[in-house]
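Shown here: run17.cif, mmCIF, C-alpha atoms.
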data_my_file
loop_
_atom_site.group_PDB
_atom_site.id
_atom_site.type_symbol
_atom_site.label_atom_id
_atom_site.label_comp_id
_atom_site.auth_asym_id
_atom_site.auth_seq_id
_atom_site.Cartn_x
_atom_site.Cartn_y
_atom_site.Cartn_z
ATOM 1 C CA MET A 1 122.342 92.397 104.267
ATOM 2 C CA SER A 2 120.570 89.118 104.812
ATOM 3 C CA THR A 3 119.966 85.974 102.817
ATOM 4 C CA GLU A 4 116.703 84.288 101.949
ATOM 5 C CA ILE A 5 115.796 81.117 100.141
ATOM 6 C CA VAL A 6 113.757 81.869 97.013
ATOM 7 C CA ASP A 7 112.698 79.016 94.707
ATOM 8 C CA GLY A 8 115.268 76.793 96.356
ATOM 9 C CA ARG A 9 118.130 79.247 95.819
ATOM 10 C CA GLU A 10 119.914 81.411 98.343
ATOM 11 C CA VAL A 11 119.416 85.089 97.536
ATOM 12 C CA SER A 12 121.087 88.095 99.148
ATOM 13 C CA VAL A 13 118.705 90.831 100.212
ATOM 14 C CA VAL A 14 119.855 94.391 100.844
ATOM 15 C CA ALA A 15 117.548 96.665 102.815
ATOM 16 C CA ARG A 16 118.347 100.346 102.626
ATOM 17 C CA GLU A 17 116.948 103.174 104.615
ATOM 18 C CA SER A 18 115.309 106.001 102.751
ATOM 19 C CA GLU A 19 117.469 109.072 102.242
ATOM 20 C CA PHE A 20 114.534 111.185 103.410
ATOM 21 C CA THR A 21 112.327 110.927 106.441
ATOM 22 C CA SER A 22 108.575 111.283 106.022
ATOM 23 C CA GLU A 23 108.927 114.775 107.545
ATOM 24 C CA ASP A 24 111.527 115.652 104.880
ATOM 25 C CA VAL A 25 109.162 114.472 102.144
ATOM 26 C CA ASP A 26 106.278 116.471 103.632
ATOM 27 C CA LEU A 27 108.437 119.609 103.734
ATOM 28 C CA LEU A 28 109.631 119.123 100.155
ATOM 29 C CA LEU A 29 106.074 118.615 98.908
ATOM 30 C CA ALA A 30 104.860 121.695 100.797
ATOM 31 C CA TYR A 31 107.694 123.747 99.322
ATOM 32 C CA ASP A 32 106.850 122.467 95.827
ATOM 33 C CA ARG A 33 103.185 123.454 96.309
ATOM 34 C CA HIS A 34 104.253 126.881 97.544
ATOM 35 C CA ARG A 35 106.611 127.464 94.572
ATOM 36 C CA SER A 36 104.013 126.319 92.042
ATOM 37 C CA GLU A 37 101.601 128.990 93.296
ATOM 38 C CA LEU A 38 104.060 131.884 92.921
ATOM 39 C CA GLY A 39 103.707 134.244 89.989
ATOM 40 C CA SER A 40 106.705 135.540 88.051
ATOM 41 C CA HIS A 41 106.735 138.482 90.488
ATOM 42 C CA GLY A 42 107.300 136.187 93.481
ATOM 43 C CA PHE A 43 103.906 136.746 95.124
ATOM 44 C CA PRO A 44 101.311 133.965 95.488
ATOM 45 C CA MET A 45 98.849 134.200 92.588
ATOM 46 C CA SER A 46 95.923 133.538 94.943
ATOM 47 C CA GLU A 47 96.812 136.792 96.730
ATOM 48 C CA ALA A 48 97.882 138.764 93.657
ATOM 49 C CA THR A 49 94.556 138.104 91.925
ATOM 50 C CA SER A 50 92.351 138.297 95.011
ATOM 51 C CA SER A 51 89.629 140.920 95.236
ATOM 52 C CA LEU A 52 91.115 141.658 98.668
ATOM 53 C CA ALA A 53 94.077 143.247 96.835
ATOM 54 C CA ASP A 54 91.915 145.255 94.436
ATOM 55 C CA PRO A 55 92.584 148.943 95.152
ATOM 56 C CA ASN A 56 89.005 149.711 94.045
ATOM 57 C CA ASN A 57 87.520 147.308 96.586
ATOM 58 C CA PRO A 58 86.468 149.299 99.673
ATOM 59 C CA GLU A 59 86.617 146.079 101.692
ATOM 60 C CA GLY A 60 90.086 145.189 100.421
ATOM 61 C CA GLU A 61 92.547 144.132 103.094
ATOM 62 C CA TYR A 62 95.849 144.890 101.376
ATOM 63 C CA LYS A 63 97.327 146.438 98.264
ATOM 64 C CA TYR A 64 100.470 146.178 96.213
ATOM 65 C CA VAL A 65 102.580 149.273 95.716
ATOM 66 C CA GLY A 66 105.255 149.595 93.062
ATOM 67 C CA ALA A 67 108.643 151.056 93.913
ATOM 68 C CA SER A 68 109.157 154.735 93.125
ATOM 69 C CA ALA A 69 112.243 153.896 91.063
ATOM 70 C CA PRO A 70 113.170 150.769 89.113
ATOM 71 C CA ILE A 71 116.154 148.598 89.891
ATOM 72 C CA VAL A 72 118.477 147.377 87.168
ATOM 73 C CA ASP A 73 118.988 143.672 86.601
ATOM 74 C CA TYR A 74 122.463 143.819 85.060
ATOM 75 C CA VAL A 75 122.391 140.185 83.977
ATOM 76 C CA LYS A 76 119.134 140.749 82.101
ATOM 77 C CA LYS A 77 120.544 143.965 80.608
ATOM 78 C CA ALA A 78 123.679 142.174 79.347
ATOM 79 C CA SER A 79 121.519 139.459 77.762
ATOM 80 C CA HIS A 80 119.211 142.044 76.186
ATOM 81 C CA ASP A 81 122.177 144.047 74.845
ATOM 82 C CA ALA A 82 123.667 140.893 73.293
ATOM 83 C CA GLU A 83 120.283 140.085 71.734
ATOM 84 C CA GLU A 84 119.963 143.581 70.255
ATOM 85 C CA ALA A 85 123.516 143.461 68.834
ATOM 86 C CA TYR A 86 122.784 140.078 67.239
ATOM 87 C CA ARG A 87 119.468 141.320 65.834
ATOM 88 C CA LYS A 88 121.241 144.278 64.192
ATOM 89 C CA ALA A 89 124.087 142.108 62.860
ATOM 90 C CA TYR A 90 121.753 139.461 61.408
ATOM 91 C CA GLU A 91 118.666 141.359 60.272
ATOM 92 C CA GLY A 92 115.709 139.142 59.473
ATOM 93 C CA VAL A 93 116.982 136.102 61.386
ATOM 94 C CA ASP A 94 114.401 134.105 63.346
ATOM 95 C CA MET A 95 115.044 135.074 66.973
ATOM 96 C CA SER A 96 112.160 133.098 68.492
ATOM 97 C CA ALA A 97 114.229 130.352 70.139
ATOM 98 C CA LEU A 98 117.568 132.060 70.691
ATOM 99 C CA ILE A 99 118.996 132.325 74.180
ATOM 100 C CA PHE A 100 121.735 134.793 74.970
ATOM 101 C CA PRO A 101 123.696 133.404 77.900
ATOM 102 C CA VAL A 102 125.589 135.705 80.222
ATOM 103 C CA HIS A 103 128.676 134.960 82.280
ATOM 104 C CA ARG A 104 130.358 136.927 85.023
ATOM 105 C CA GLU A 105 133.873 138.310 84.666
ATOM 106 C CA ASP A 106 136.027 140.051 87.225
ATOM 107 C CA ARG A 107 137.182 143.545 86.225
#

Full structure transcribed into structure tokens:
Amino acid sequence: MSTEIVDGREVSVVARESEFTSEDVDLLLAYDRHRSELGSHGFPMSEATSSLADPNNPEGEYKYVGASAPIVDYVKKASHDAEEAYRKAYEGVDMSALIFPVHREDR
């Protein structure tokens, strides 16, 4: 902390260092750019929609292959089950903005 004279008055000045270095900021911005490009599937949209991924493109460089069996997202299933139970209990209710939260319990 230092003092300066401003308009004839003594003023305390506090200089603080940034919490982030310029390298930290660059990394955070790069990560933000990377995340903004990902589709809901977790792959970059520029790759997922590229003609290089098109299985009908003889010059394609890569392809995406689905798993032979699905995996179960038990959190999503619990939310969906709660939604279905609510829908049955309250037929005709507007469900458009309802969220069915899920919590974890030990057995």

Among the residues A:Arg16, A:Arg9, A:Lys88, A:Lys63, the one that comes closest to A:Glu47 [using all atoms listed in the file]: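 Checking each candidate against A:Glu47, we get A:Lys63 as the closest.
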
### Message
So that I can check the surroundings of A:Ala48, please list as a VMD selection string every protein, DNA and RNA residue that reaches within 12 Å of it, counting all atoms listed in the file and ignoring chain neighbours fewer than 3 positions away.
### Response
chain A and resid 37 to 45 51 to 55 62 to 65

Fill in: Nearest to A:Ala85 by atom-to-atom distance, counting all atoms listed in the file, from A:Leu27, A:Phe100, A:Arg35, A:Val6
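Among the listed residues, the smallest separation from A:Ala85 belongs to A:Phe100.
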
Write out as a PyMOL selection string the residues lying within 12 Å of A:Glu83, counting all atoms listed in the file and excluding same-chain residues fewer than 5 positions away. chain A and resi 76-78+88-91+93-102

Using the chain letters and numbers from the file, which residues does the PyMOL selection byres ((chain A and resi 13) around 9) grab, as JSON, numbers by chain?
{"A": [1, 2, 3, 4, 11, 12, 14, 15]}

Exercise for the section: Could you jot down the atom CA of A:Glu59 to atom CA of A:Ser36 separation for me, Å, one decimal place? Expected result: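 These atoms are spaced 28.0 Å apart.
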
**Request:** State, in Å with one decimal place, the distance from atom CA of A:Ser50 to atom CA of A:Ser68.
**Result:**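 Pair atom CA of A:Ser50 / atom CA of A:Ser68 returns 23.6 Å.
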
Mind checking which residues fall within 12 Å of A:Tyr74, counting all atoms listed in the file, ignoring those fewer than 5 positions away in the same chain, and posting them as a CSV table (one decimal) with C-alpha atoms, in the frame of the given file?
chain,number,residue,atom,x,y,z
A,79,SER,CA,121.5,139.5,77.8
A,80,HIS,CA,119.2,142.0,76.2
A,81,ASP,CA,122.2,144.0,74.8
A,102,VAL,CA,125.6,135.7,80.2
A,103,HIS,CA,128.7,135.0,82.3
A,104,ARG,CA,130.4,136.9,85.0

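In this model, the gap between atom CA of A:Asp106 and atom CA of A:Ala82 comes to 18.6 Å.
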
When you get a chance, write out N, CA and C atoms for stretch 63-78 of chain A, as a tab-separated table (two decimals), keeping the file's coordinate frame.
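Heads up, here's the output in result-v4.tsv:
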chain	number	residue	atom	x	y	z
A	63	LYS	N	97.09	145.98	99.63
A	63	LYS	CA	97.33	146.44	98.26
A	63	LYS	C	98.80	146.24	97.94
A	64	TYR	N	99.09	146.27	96.67
A	64	TYR	CA	100.47	146.18	96.21
A	64	TYR	C	100.89	147.55	95.71
A	65	VAL	N	102.08	147.96	96.08
A	65	VAL	CA	102.58	149.27	95.72
A	65	VAL	C	103.92	149.09	95.00
A	66	GLY	N	104.01	149.67	93.82
A	66	GLY	CA	105.26	149.60	93.06
A	66	GLY	C	106.30	150.54	93.64
A	67	ALA	N	107.54	150.21	93.44
A	67	ALA	CA	108.64	151.06	93.91
A	67	ALA	C	108.63	152.38	93.15
A	68	SER	N	109.14	153.43	93.77
A	68	SER	CA	109.16	154.74	93.12
A	68	SER	C	110.23	154.81	92.04
A	69	ALA	N	111.20	153.92	92.09
A	69	ALA	CA	112.24	153.90	91.06
A	69	ALA	C	112.56	152.44	90.74
A	70	PRO	N	112.85	152.16	89.48
A	70	PRO	CA	113.17	150.77	89.11
A	70	PRO	C	114.57	150.39	89.59
A	71	ILE	N	114.80	149.09	89.65
A	71	ILE	CA	116.15	148.60	89.89
A	71	ILE	C	116.63	147.97	88.58
A	72	VAL	N	117.92	147.91	88.40
A	72	VAL	CA	118.48	147.38	87.17
A	72	VAL	C	118.98	145.96	87.41
A	73	ASP	N	118.49	145.05	86.60
A	73	ASP	CA	118.99	143.67	86.60
A	73	ASP	C	120.10	143.64	85.55
A	74	TYR	N	121.34	143.69	85.98
A	74	TYR	CA	122.46	143.82	85.06
A	74	TYR	C	122.70	142.56	84.24
A	75	VAL	N	122.30	141.41	84.76
A	75	VAL	CA	122.39	140.18	83.98
A	75	VAL	C	121.39	140.25	82.83
A	76	LYS	N	120.16	140.63	83.14
A	76	LYS	CA	119.13	140.75	82.10
A	76	LYS	C	119.53	141.80	81.07
A	77	LYS	N	120.12	142.91	81.53
A	77	LYS	CA	120.54	143.96	80.61
A	77	LYS	C	121.63	143.45	79.67
A	78	ALA	N	122.60	142.71	80.19
A	78	ALA	CA	123.68	142.17	79.35
A	78	ALA	C	123.11	141.22	78.30
